[in-house]
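Below is coords.pdb, holding PDB, C-alpha atoms.
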MODEL        1
ATOM      1  CA  MET M   1      -8.961 -32.666  30.715
ATOM      2  CA  THR M   2      -6.892 -29.515  31.023
ATOM      3  CA  GLU M   3      -7.904 -26.259  29.355
ATOM      4  CA  GLN M   4      -4.986 -26.537  26.935
ATOM      5  CA  ALA M   5      -5.999 -30.106  26.014
ATOM      6  CA  ILE M   6      -9.578 -28.919  25.416
ATOM      7  CA  ILE M   7      -8.364 -26.161  23.108
ATOM      8  CA  GLN M   8      -6.049 -28.452  21.143
ATOM      9  CA  GLY M   9      -8.725 -31.169  20.944
ATOM     10  CA  CYS M  10     -11.366 -28.729  19.702
ATOM     11  CA  LYS M  11      -8.952 -27.469  17.065
ATOM     12  CA  LYS M  12      -8.777 -31.080  15.808
ATOM     13  CA  ASP M  13     -12.580 -31.479  15.956
ATOM     14  CA  ASP M  14     -12.283 -34.068  18.711
ATOM     15  CA  PRO M  15     -15.831 -34.754  20.052
ATOM     16  CA  LYS M  16     -14.478 -35.562  23.545
ATOM     17  CA  ALA M  17     -12.775 -32.180  23.763
ATOM     18  CA  GLN M  18     -15.946 -30.465  22.542
ATOM     19  CA  LYS M  19     -17.973 -32.197  25.251
ATOM     20  CA  ALA M  20     -15.359 -31.279  27.851
ATOM     21  CA  LEU M  21     -15.576 -27.633  26.747
ATOM     22  CA  TYR M  22     -19.344 -27.757  27.065
ATOM     23  CA  ASP M  23     -19.222 -29.367  30.510
ATOM     24  CA  ARG M  24     -16.726 -26.845  31.796
ATOM     25  CA  PHE M  25     -18.148 -23.613  30.407
ATOM     26  CA  ALA M  26     -21.859 -24.169  29.712
ATOM     27  CA  PRO M  27     -23.045 -23.572  33.320
ATOM     28  CA  LYS M  28     -21.131 -20.283  33.631
ATOM     29  CA  MET M  29     -22.117 -19.097  30.184
ATOM     30  CA  PHE M  30     -25.735 -20.027  30.782
ATOM     31  CA  GLY M  31     -25.567 -17.751  33.837
ATOM     32  CA  VAL M  32     -24.247 -14.987  31.560
ATOM     33  CA  CYS M  33     -27.067 -15.510  29.055
ATOM     34  CA  LYS M  34     -29.698 -15.463  31.790
ATOM     35  CA  ARG M  35     -28.396 -12.145  33.052
ATOM     36  CA  TYR M  36     -29.027 -10.551  29.662
ATOM     37  CA  ILE M  37     -32.071 -12.458  28.465
ATOM     38  CA  LYS M  38     -35.256 -12.931  30.428
ATOM     39  CA  GLY M  39     -36.666 -16.081  28.837
ATOM     40  CA  LYS M  40     -34.953 -19.360  29.696
ATOM     41  CA  GLU M  41     -35.488 -20.830  26.231
ATOM     42  CA  ASP M  42     -34.011 -17.822  24.489
ATOM     43  CA  ALA M  43     -31.078 -17.872  26.904
ATOM     44  CA  GLU M  44     -30.470 -21.529  26.130
ATOM     45  CA  ASP M  45     -30.633 -20.951  22.367
ATOM     46  CA  LEU M  46     -28.087 -18.162  22.715
ATOM     47  CA  LEU M  47     -25.865 -20.365  24.851
ATOM     48  CA  ILE M  48     -25.863 -23.051  22.138
ATOM     49  CA  GLU M  49     -25.194 -20.474  19.428
ATOM     50  CA  GLY M  50     -22.401 -18.900  21.439
ATOM     51  CA  LEU M  51     -20.681 -22.200  22.246
ATOM     52  CA  PHE M  52     -21.081 -23.361  18.635
ATOM     53  CA  LYS M  53     -19.343 -20.214  17.425
ATOM     54  CA  ALA M  54     -16.628 -20.597  20.052
ATOM     55  CA  ILE M  55     -15.876 -24.175  18.921
ATOM     56  CA  ASP M  56     -16.197 -23.295  15.248
ATOM     57  CA  LYS M  57     -13.822 -20.336  15.528
ATOM     58  CA  ILE M  58     -11.465 -21.837  18.094
ATOM     59  CA  HIS M  59      -8.556 -21.647  15.650
ATOM     60  CA  THR M  60      -8.759 -17.844  15.992
ATOM     61  CA  PHE M  61      -7.990 -18.059  19.722
ATOM     62  CA  ASN M  62      -4.283 -17.249  19.871
ATOM     63  CA  GLY M  63      -3.758 -18.136  23.520
ATOM     64  CA  GLU M  64      -3.418 -14.542  24.656
ATOM     65  CA  GLY M  65      -5.626 -13.766  27.636
ATOM     66  CA  SER M  66      -8.103 -16.004  29.378
ATOM     67  CA  PHE M  67      -9.910 -18.658  27.369
ATOM     68  CA  GLU M  68     -12.993 -18.264  29.546
ATOM     69  CA  GLY M  69     -12.927 -14.513  28.894
ATOM     70  CA  TRP M  70     -12.749 -15.200  25.163
ATOM     71  CA  ILE M  71     -15.785 -17.514  25.282
ATOM     72  CA  ARG M  72     -17.638 -15.077  27.539
ATOM     73  CA  ARG M  73     -17.088 -12.285  25.013
ATOM     74  CA  ILE M  74     -18.569 -14.436  22.217
ATOM     75  CA  VAL M  75     -21.594 -15.351  24.339
ATOM     76  CA  VAL M  76     -22.146 -11.737  25.434
ATOM     77  CA  ASN M  77     -21.968 -10.616  21.803
ATOM     78  CA  GLU M  78     -24.591 -13.217  20.893
ATOM     79  CA  CYS M  79     -26.860 -11.851  23.614
ATOM     80  CA  LEU M  80     -26.319  -8.272  22.452
ATOM     81  CA  MET M  81     -27.113  -9.205  18.865
ATOM     82  CA  PHE M  82     -30.319 -10.833  20.040
ATOM     83  CA  LEU M  83     -31.241  -7.770  22.082
ATOM     84  CA  ARG M  84     -30.498  -5.423  19.199
ATOM     85  CA  LYS M  85     -32.920  -7.400  17.045
ATOM     86  CA  LYS M  86     -35.663  -7.754  19.627
ATOM     87  CA  HIS M  87     -35.310  -4.623  21.717
ATOM     88  CA  PRO M  88     -33.729  -1.642  19.973
ATOM     89  CA  LEU M  89     -31.845   0.325  22.639
ATOM     90  CA  LYS M  90     -32.049   3.757  21.106
ATOM     91  CA  VAL M  91     -33.812   5.603  23.906
ATOM     92  CA  SER M  92     -31.734   8.465  25.154
ATOM     93  CA  ILE M  93     -32.540   9.806  28.570
ATOM     94  CA  GLU M  94     -30.063  12.355  29.805
ATOM     95  CA  VAL M  95     -29.496  12.136  33.532
ATOM     96  CA  HIS M  96     -26.639  13.894  35.264
ATOM     97  CA  PRO M  97     -24.454  11.435  37.104
ATOM     98  CA  THR M  98     -24.748  11.671  40.879
ATOM     99  CA  ASP M  99     -23.317   9.554  43.626
ATOM    100  CA  ALA M 100     -26.586   8.016  44.682
ATOM    101  CA  PRO M 101     -26.747   6.169  48.000
ATOM    102  CA  THR M 102     -26.088   2.490  47.566
ATOM    103  CA  HIS M 103     -26.898  -0.681  49.397
ATOM    104  CA  GLN M 104     -23.605  -2.446  49.175
ATOM    105  CA  HIS M 105     -24.094  -4.192  52.512
ATOM    106  CA  ILE M 106     -27.436  -5.472  51.255
ATOM    107  CA  VAL M 107     -25.972  -6.708  48.012
ATOM    108  CA  ALA M 108     -23.369  -8.639  49.952
ATOM    109  CA  GLN M 109     -26.165 -10.564  51.644
ATOM    110  CA  LEU M 110     -28.012 -11.390  48.463
ATOM    111  CA  GLU M 111     -27.546 -14.682  46.713
ATOM    112  CA  ALA M 112     -26.642 -14.778  43.031
ATOM    113  CA  GLN M 113     -30.150 -15.976  42.220
ATOM    114  CA  ASP M 114     -31.672 -13.026  44.104
ATOM    115  CA  ILE M 115     -29.585 -10.613  42.047
ATOM    116  CA  LEU M 116     -30.677 -12.418  38.904
ATOM    117  CA  ASN M 117     -34.315 -12.007  39.972
ATOM    118  CA  LEU M 118     -33.727  -8.306  40.573
ATOM    119  CA  LEU M 119     -32.053  -7.904  37.203
ATOM    120  CA  ASP M 120     -35.023  -9.622  35.568
ATOM    121  CA  GLN M 121     -37.247  -6.854  36.830
ATOM    122  CA  LEU M 122     -35.174  -4.125  35.196
ATOM    123  CA  PRO M 123     -36.165  -2.883  31.741
ATOM    124  CA  THR M 124     -34.023  -4.355  28.949
ATOM    125  CA  GLY M 125     -31.985  -1.204  28.357
ATOM    126  CA  TYR M 126     -31.111  -0.703  32.011
ATOM    127  CA  ARG M 127     -30.299  -4.352  32.511
ATOM    128  CA  THR M 128     -28.034  -4.538  29.465
ATOM    129  CA  VAL M 129     -26.010  -1.462  30.359
ATOM    130  CA  PHE M 130     -25.843  -2.529  34.000
ATOM    131  CA  ASN M 131     -24.573  -5.985  33.040
ATOM    132  CA  LEU M 132     -22.003  -4.673  30.609
ATOM    133  CA  TYR M 133     -20.675  -1.994  32.939
ATOM    134  CA  VAL M 134     -20.911  -3.583  36.364
ATOM    135  CA  VAL M 135     -20.454  -7.276  35.680
ATOM    136  CA  GLU M 136     -18.414  -7.427  32.461
ATOM    137  CA  GLY M 137     -16.367  -4.332  33.206
ATOM    138  CA  TYR M 138     -16.933  -2.573  29.858
ATOM    139  CA  LYS M 139     -16.289   1.160  29.563
ATOM    140  CA  HIS M 140     -19.118   3.498  28.574
ATOM    141  CA  ARG M 141     -17.391   4.066  25.214
ATOM    142  CA  GLU M 142     -17.372   0.305  24.524
ATOM    143  CA  ILE M 143     -21.004  -0.044  25.602
ATOM    144  CA  ALA M 144     -21.979   2.813  23.307
ATOM    145  CA  GLU M 145     -20.226   1.109  20.380
ATOM    146  CA  GLU M 146     -21.688  -2.319  21.103
ATOM    147  CA  LEU M 147     -25.251  -1.090  21.502
ATOM    148  CA  GLY M 148     -25.169   1.693  18.935
ATOM    149  CA  ILE M 149     -26.073   4.370  21.485
ATOM    150  CA  SER M 150     -24.335   7.521  22.670
ATOM    151  CA  ILE M 151     -21.937   7.520  25.616
ATOM    152  CA  ASN M 152     -24.300   9.810  27.529
ATOM    153  CA  THR M 153     -27.173   7.402  26.974
ATOM    154  CA  SER M 154     -25.029   4.598  28.350
ATOM    155  CA  LYS M 155     -24.203   6.683  31.442
ATOM    156  CA  SER M 156     -27.798   7.727  32.020
ATOM    157  CA  GLN M 157     -29.082   4.166  31.577
ATOM    158  CA  LEU M 158     -26.622   2.979  34.206
ATOM    159  CA  ILE M 159     -27.729   5.628  36.706
ATOM    160  CA  LEU M 160     -31.368   4.824  36.116
ATOM    161  CA  ALA M 161     -30.621   1.147  36.487
ATOM    162  CA  LYS M 162     -28.975   1.770  39.829
ATOM    163  CA  ARG M 163     -31.900   3.840  41.044
ATOM    164  CA  LYS M 164     -34.331   1.194  39.949
ATOM    165  CA  MET M 165     -32.268  -1.454  41.653
ATOM    166  CA  GLN M 166     -32.336   0.486  44.899
ATOM    167  CA  GLU M 167     -36.114   0.818  44.676
ATOM    168  CA  LEU M 168     -36.403  -2.898  44.123
ATOM    169  CA  LEU M 169     -34.157  -3.622  47.076
ATOM    170  CA  LYS M 170     -36.450  -1.502  49.241
ATOM    171  CA  THR M 171     -39.617  -3.150  47.983
ATOM    172  CA  ILE M 172     -38.362  -6.649  48.651
ATOM    173  CA  ASN M 173     -37.591  -5.403  52.160
ATOM    174  CA  TYR M 174     -33.884  -6.066  52.269
ATOM    175  CA  GLU M 175     -33.195  -3.842  55.251
ATOM    176  CA  SER M 176     -29.772  -3.079  56.498
ATOM    177  CA  THR M 177     -28.628  -5.344  59.248
ATOM    178  CA  ARG M 178     -25.899  -2.976  60.342
TER     179      ARG M 178
ATOM    180  CA  MET X 179     -12.785   3.129  46.767
ATOM    181  CA  ASN X 180     -16.204   4.799  46.968
ATOM    182  CA  ARG X 181     -19.498   3.135  47.822
ATOM    183  CA  GLN X 182     -20.505   2.741  44.195
ATOM    184  CA  ASP X 183     -17.341   0.839  43.382
ATOM    185  CA  LYS X 184     -17.917  -1.481  46.329
ATOM    186  CA  LEU X 185     -21.464  -2.146  45.202
ATOM    187  CA  PHE X 186     -20.269  -2.922  41.698
ATOM    188  CA  GLN X 187     -17.567  -5.207  43.000
ATOM    189  CA  ALA X 188     -20.059  -7.136  45.056
ATOM    190  CA  PHE X 189     -22.306  -7.560  42.043
ATOM    191  CA  ARG X 190     -19.449  -8.563  39.799
ATOM    192  CA  LYS X 191     -18.100 -11.121  42.253
ATOM    193  CA  GLN X 192     -21.459 -12.755  42.759
ATOM    194  CA  GLN X 193     -22.353 -12.823  39.090
ATOM    195  CA  HIS X 194     -19.017 -14.255  37.998
ATOM    196  CA  GLN X 195     -19.573 -17.125  40.391
ATOM    197  CA  ALA X 196     -23.130 -17.664  39.255
ATOM    198  CA  GLU X 197     -23.620 -20.946  37.448
ATOM    199  CA  GLU X 198     -26.704 -22.704  36.200
ATOM    200  CA  MET X 199     -26.918 -25.939  34.324
ATOM    201  CA  PRO X 200     -28.756 -25.695  31.028
ATOM    202  CA  SER X 201     -31.179 -28.451  30.083
ATOM    203  CA  PRO X 202     -29.641 -31.803  29.023
ATOM    204  CA  GLN X 203     -31.027 -31.338  25.505
ATOM    205  CA  SER X 204     -28.789 -28.333  24.916
ATOM    206  CA  TRP X 205     -25.676 -30.512  24.508
ATOM    207  CA  ASP X 206     -27.533 -32.728  22.001
ATOM    208  CA  GLN X 207     -28.514 -29.652  20.009
ATOM    209  CA  LEU X 208     -24.979 -28.322  20.060
ATOM    210  CA  ARG X 209     -23.540 -31.700  19.009
ATOM    211  CA  LYS X 210     -26.052 -31.912  16.169
ATOM    212  CA  ARG X 211     -24.986 -28.487  14.916
ATOM    213  CA  LEU X 212     -21.332 -29.434  15.127
ATOM    214  CA  ASP X 213     -21.981 -32.709  13.272
ATOM    215  CA  ASN X 214     -23.867 -30.905  10.517
ATOM    216  CA  ARG X 215     -21.000 -28.500  10.151
ATOM    217  CA  LYS X 216     -18.487 -31.362   9.807
ATOM    218  CA  ARG X 217     -20.439 -33.537   7.410
ATOM    219  CA  PRO X 218     -22.456 -31.693   4.808
ATOM    220  CA  SER X 219     -25.318 -33.811   3.415
ATOM    221  CA  PRO X 220     -24.477 -36.071   0.425
ATOM    222  CA  THR X 221     -27.196 -34.459  -1.711
ATOM    223  CA  ARG X 222     -25.629 -31.092  -1.102
ATOM    224  CA  SER X 223     -22.165 -32.416  -1.969
ATOM    225  CA  ILE X 224     -23.391 -33.961  -5.243
ATOM    226  CA  TYR X 225     -25.256 -30.789  -6.107
ATOM    227  CA  ARG X 226     -22.123 -28.762  -5.415
ATOM    228  CA  LEU X 227     -19.997 -31.142  -7.516
ATOM    229  CA  PHE X 228     -22.429 -30.954 -10.462
ATOM    230  CA  SER X 229     -22.523 -27.203 -10.208
ATOM    231  CA  MET X 230     -18.739 -27.023 -10.360
ATOM    232  CA  VAL X 231     -18.521 -29.394 -13.348
ATOM    233  CA  ALA X 232     -21.274 -27.499 -15.169
ATOM    234  CA  ALA X 233     -19.502 -24.223 -14.512
ATOM    235  CA  VAL X 234     -16.189 -25.548 -15.894
ATOM    236  CA  VAL X 235     -17.838 -27.032 -19.010
ATOM    237  CA  GLY X 236     -19.808 -23.853 -19.596
ATOM    238  CA  LEU X 237     -16.690 -21.747 -19.295
ATOM    239  CA  ALA X 238     -14.808 -24.001 -21.730
ATOM    240  CA  LEU X 239     -17.651 -23.740 -24.254
ATOM    241  CA  ILE X 240     -17.771 -19.994 -23.995
ATOM    242  CA  VAL X 241     -13.992 -19.677 -24.458
ATOM    243  CA  THR X 242     -14.050 -22.001 -27.486
ATOM    244  CA  ALA X 243     -16.928 -20.095 -29.061
ATOM    245  CA  VAL X 244     -15.249 -16.753 -28.538
ATOM    246  CA  VAL X 245     -11.947 -17.956 -30.018
ATOM    247  CA  ASN X 246     -13.603 -19.582 -33.054
ATOM    248  CA  LEU X 247     -15.848 -16.670 -33.837
ATOM    249  CA  SER X 248     -13.202 -13.990 -33.542
ATOM    250  CA  PRO X 249     -12.659 -11.973 -36.850
ATOM    251  CA  SER X 250      -8.897 -12.594 -36.991
ATOM    252  CA  LYS X 251      -9.453 -16.340 -36.869
ATOM    253  CA  LYS X 252     -11.997 -16.129 -39.696
ATOM    254  CA  MET X 253      -9.553 -14.152 -41.829
ATOM    255  CA  ALA X 254      -6.835 -16.660 -41.140
ATOM    256  CA  GLN X 255      -9.130 -19.489 -42.139
ATOM    257  CA  LYS X 256     -10.036 -17.759 -45.420
ATOM    258  CA  THR X 257      -6.416 -17.144 -46.384
ATOM    259  CA  GLN X 258      -5.495 -20.741 -45.652
ATOM    260  CA  GLU X 259      -8.239 -22.160 -47.794
ATOM    261  CA  LEU X 260      -6.756 -23.453 -51.063
ATOM    262  CA  PRO X 261      -8.679 -23.118 -54.325
ATOM    263  CA  THR X 262      -9.280 -26.311 -56.281
ATOM    264  CA  TYR X 263      -7.192 -26.567 -59.419
ATOM    265  CA  SER X 264      -7.411 -28.883 -62.386
ATOM    266  CA  LYS X 265      -4.551 -31.335 -62.955
ATOM    267  CA  ASP X 266      -3.143 -29.381 -65.936
ATOM    268  CA  VAL X 267      -3.069 -26.087 -64.124
ATOM    269  CA  LEU X 268      -1.387 -27.727 -61.184
ATOM    270  CA  GLN X 269       1.280 -29.316 -63.382
ATOM    271  CA  LYS X 270       1.935 -25.978 -65.074
ATOM    272  CA  ALA X 271       2.250 -24.292 -61.741
ATOM    273  CA  VAL X 272       4.739 -26.914 -60.570
ATOM    274  CA  ALA X 273       6.730 -26.553 -63.743
ATOM    275  CA  ALA X 274       6.772 -22.772 -63.424
ATOM    276  CA  HIS X 275       7.884 -23.044 -59.847
ATOM    277  CA  THR X 276      10.706 -25.440 -60.767
ATOM    278  CA  TYR X 277      11.785 -23.198 -63.583
ATOM    279  CA  ARG X 278      11.860 -20.159 -61.394
ATOM    280  CA  THR X 279      13.810 -21.954 -58.697
ATOM    281  CA  GLN X 280      16.423 -23.169 -61.163
ATOM    282  CA  HIS X 281      16.959 -19.715 -62.591
ATOM    283  CA  GLN X 282      17.182 -18.142 -59.209
ATOM    284  CA  LEU X 283      19.857 -20.663 -58.363
ATOM    285  CA  ALA X 284      21.639 -19.902 -61.635
ATOM    286  CA  LEU X 285      21.566 -16.224 -60.828
ATOM    287  CA  LYS X 286      23.236 -16.877 -57.547
ATOM    288  CA  GLN X 287      25.887 -19.305 -58.762
ATOM    289  CA  GLY X 288      26.469 -17.993 -62.295
ATOM    290  CA  VAL X 289      27.315 -20.146 -65.271
ATOM    291  CA  GLU X 290      30.512 -19.779 -67.186
ATOM    292  CA  GLU X 291      30.426 -19.559 -70.941
ATOM    293  CA  GLY X 292      30.961 -22.909 -72.647
ATOM    294  CA  ALA X 293      29.618 -24.865 -69.733
ATOM    295  CA  PRO X 294      27.401 -27.789 -70.663
ATOM    296  CA  SER X 295      24.194 -26.071 -70.006
ATOM    297  CA  GLN X 296      21.255 -24.714 -71.754
ATOM    298  CA  LEU X 297      21.665 -21.595 -69.759
ATOM    299  CA  ILE X 298      24.324 -19.070 -70.427
ATOM    300  CA  ILE X 299      24.370 -16.302 -68.000
ATOM    301  CA  ASN X 300      26.231 -13.178 -67.518
ATOM    302  CA  LYS X 301      27.179 -12.813 -63.885
ATOM    303  CA  LYS X 302      26.229  -9.154 -64.030
ATOM    304  CA  ALA X 303      22.853  -9.799 -65.639
ATOM    305  CA  THR X 304      19.789  -9.268 -63.583
ATOM    306  CA  ARG X 305      17.856 -12.051 -65.223
ATOM    307  CA  PRO X 306      18.854 -15.264 -67.007
ATOM    308  CA  ILE X 307      19.201 -15.364 -70.745
ATOM    309  CA  LEU X 308      17.936 -18.575 -72.222
ATOM    310  CA  LEU X 309      19.571 -19.846 -75.389
ATOM    311  CA  PRO X 310      18.554 -22.819 -77.496
ATOM    312  CA  LYS X 311      20.698 -25.869 -76.958
ATOM    313  CA  LYS X 312      23.529 -26.067 -79.527
ATOM    314  CA  LYS X 313      23.490 -29.061 -81.850
ATOM    315  CA  ASP X 314      26.603 -31.151 -81.828
ATOM    316  CA  THR X 315      28.741 -30.378 -84.845
ATOM    317  CA  ILE X 316      30.928 -32.986 -86.529
TER     318      ILE X 316
ENDMDL
END
Represent the structure contained in this file as structure tokens.
Amino acid sequence: MTEQAIIQGCKKDDPKAQKALYDRFAPKMFGVCKRYIKGKEDAEDLLIEGLFKAIDKIHTFNGEGSFEGWIRRIVVNECLMFLRKKHPLKVSIEVHPTDAPTHQHIVAQLEAQDILNLLDQLPTGYRTVFNLYVVEGYKHREIAEELGISINTSKSQLILAKRKMQELLKTINYESTR
Amino acid sequence: MNRQDKLFQAFRKQQHQAEEMPSPQSWDQLRKRLDNRKRPSPTRSIYRLFSMVAAVVGLALIVTAVVNLSPSKKMAQKTQELPTYSKDVLQKAVAAHTYRTQHQLALKQGVEEGAPSQLIINKKATRPILLPKKKDTI
């Protein structure tokens, strides 16, 4: 079933189209949820909630932009709402941005699951900002609005997240092969 | 492109490709939620229907009560109420009404002198002058 057929079918409440949407997007969106949420059960609940909202509100999708991006945004918002309830991200730690040394060659060697394991070890605030900035491509202004924090807090959380990530990379002994 | 950007790109690329199948029960849960959304329970529908009917009836009652109890309506009712009259009084009233009507008509039309009528009227008079009927003379 093509993406367009899925969209049209879901608009008509066709169960086959709904299942096709689930089959196509659930694995990717579950990956998104697991990046934000540590517990598998919570991540799965948020996936269901996100996909339910996507199907329920599909008539609001006007066809502009990517459909996957639209669903991803809904799922990410669900995760952020969950985090806001469970882990208030109000801590402001001012750190001046510096170009810290990075391990890009190491990251290239890591598997997606390894990165997920590393992200799991980050504190919630770091992980959320890191995900939004690095993976989703949000700007600091957007992150600040979504999380209800200042732009400086968003920047400092990202820097701390990167530092923490580098420490973790060292501890798991991912040495440079170059 | 600096080293940070490259690191971020590597992360982004890997994470956008990352996929993991959720448990098989998750589709069942999602389908159940979608089904519940489509078909609300019959009890809920009946309850909603009764609520709507009750609301409409209640509103109608309130409107009726307000209209009936308004002061203007009461006044109108009082003025329309007719007193009960005895038969004689009613007959007299009818006779008076007929009499008045006839004379009003006479005032409008006028009656020439010598006309076969009980009523002789001056066209300029403001009210009719009643004269006894003349007896026929031989």
When the PyMOL selection byres ((chain M and resi 59) around 12) is applied to the file above, which residues end up in the set, as JSON, numbers by chain?
{"M": [7, 8, 9, 10, 11, 12, 13, 53, 54, 55, 56, 57, 58, 60, 61, 62, 63]}
Take CA of Ser229 in chain X and CA of Ser248 in chain X and report the distance between them in Å, one decimal.
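Distance between the two atoms: 28.4 Å.
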Length of the CA of Val75 in chain M to CA of Gly50 in chain M vector [Å]
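For CA of Val75 in chain M relative to CA of Gly50 in chain M, the distance reads 4.7 Å.
Note that the spacing between CA of Gly31 in chain M and CA of His194 in chain X amounts to 8.5 Å.
Considering the residues M:Asp14, M:Glu145, M:Glu44, M:Glu64 and counting all atoms listed in the file, Cys79 in chain M has its shortest atom-to-atom contact with M:Glu44.
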Which residue out of M:Leu51, M:Leu158, M:Ile151, M:Leu168 has the minimum interatomic distance to Trp205 in chain X when only C-alpha atoms are used?
M:Leu51
Using only C-alpha atoms for the distances, tell me which of M:Lys139, M:Lys28, M:Lys19, M:Lys40 is nearest to chain X.
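Of M:Lys139, M:Lys28, M:Lys19, M:Lys40, the one nearest chain X, counting only C-alpha atoms, is M:Lys28.
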Carefully work through the PyMOL selection byres ((chain M and resi 120) around 12) for this structure and note down the residues it includes, as JSON, numbers by chain.
{"M": [33, 34, 35, 36, 37, 38, 39, 40, 113, 114, 115, 116, 117, 118, 119, 121, 122, 123, 124, 125, 126, 127, 128, 130, 131, 161, 164, 165, 168]}
If you keep C-alpha atoms, can you produce a file of those selected residues as an mmCIF file, in the coordinates of the input?
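Everything below was put into out_17.cif:
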data_model
loop_
_atom_site.group_PDB
_atom_site.id
_atom_site.type_symbol
_atom_site.label_atom_id
_atom_site.label_comp_id
_atom_site.auth_asym_id
_atom_site.auth_seq_id
_atom_site.Cartn_x
_atom_site.Cartn_y
_atom_site.Cartn_z
ATOM 1 C CA CYS M 33 -27.067 -15.510 29.055
ATOM 2 C CA LYS M 34 -29.698 -15.463 31.790
ATOM 3 C CA ARG M 35 -28.396 -12.145 33.052
ATOM 4 C CA TYR M 36 -29.027 -10.551 29.662
ATOM 5 C CA ILE M 37 -32.071 -12.458 28.465
ATOM 6 C CA LYS M 38 -35.256 -12.931 30.428
ATOM 7 C CA GLY M 39 -36.666 -16.081 28.837
ATOM 8 C CA LYS M 40 -34.953 -19.360 29.696
ATOM 9 C CA GLN M 113 -30.150 -15.976 42.220
ATOM 10 C CA ASP M 114 -31.672 -13.026 44.104
ATOM 11 C CA ILE M 115 -29.585 -10.613 42.047
ATOM 12 C CA LEU M 116 -30.677 -12.418 38.904
ATOM 13 C CA ASN M 117 -34.315 -12.007 39.972
ATOM 14 C CA LEU M 118 -33.727 -8.306 40.573
ATOM 15 C CA LEU M 119 -32.053 -7.904 37.203
ATOM 16 C CA GLN M 121 -37.247 -6.854 36.830
ATOM 17 C CA LEU M 122 -35.174 -4.125 35.196
ATOM 18 C CA PRO M 123 -36.165 -2.883 31.741
ATOM 19 C CA THR M 124 -34.023 -4.355 28.949
ATOM 20 C CA GLY M 125 -31.985 -1.204 28.357
ATOM 21 C CA TYR M 126 -31.111 -0.703 32.011
ATOM 22 C CA ARG M 127 -30.299 -4.352 32.511
ATOM 23 C CA THR M 128 -28.034 -4.538 29.465
ATOM 24 C CA PHE M 130 -25.843 -2.529 34.000
ATOM 25 C CA ASN M 131 -24.573 -5.985 33.040
ATOM 26 C CA ALA M 161 -30.621 1.147 36.487
ATOM 27 C CA LYS M 164 -34.331 1.194 39.949
ATOM 28 C CA MET M 165 -32.268 -1.454 41.653
ATOM 29 C CA LEU M 168 -36.403 -2.898 44.123
#
Answer key for the PyMOL selection byres ((chain M and resi 22) around 10), residues as JSON, numbers by chain:
{"M": [6, 16, 17, 18, 19, 20, 21, 23, 24, 25, 26, 27, 29, 48, 51, 52, 55], "X": [204, 205, 208, 209]}
Tell me, as a list in words, which residues lie within 10 Å of Val129 in chain M, counting all atoms listed in the file; anything in the same chain fewer than 3 positions away does not count.
Tyr36, Leu89, Thr124, Gly125, Tyr126, Leu132, Tyr133, Val134, Val135, Glu136, Tyr138, His140, Ile143, Ala144, Leu147, Thr153, Ser154, Lys155, Ser156, Gln157, Leu158, Ile159 and Ala161 of chain M
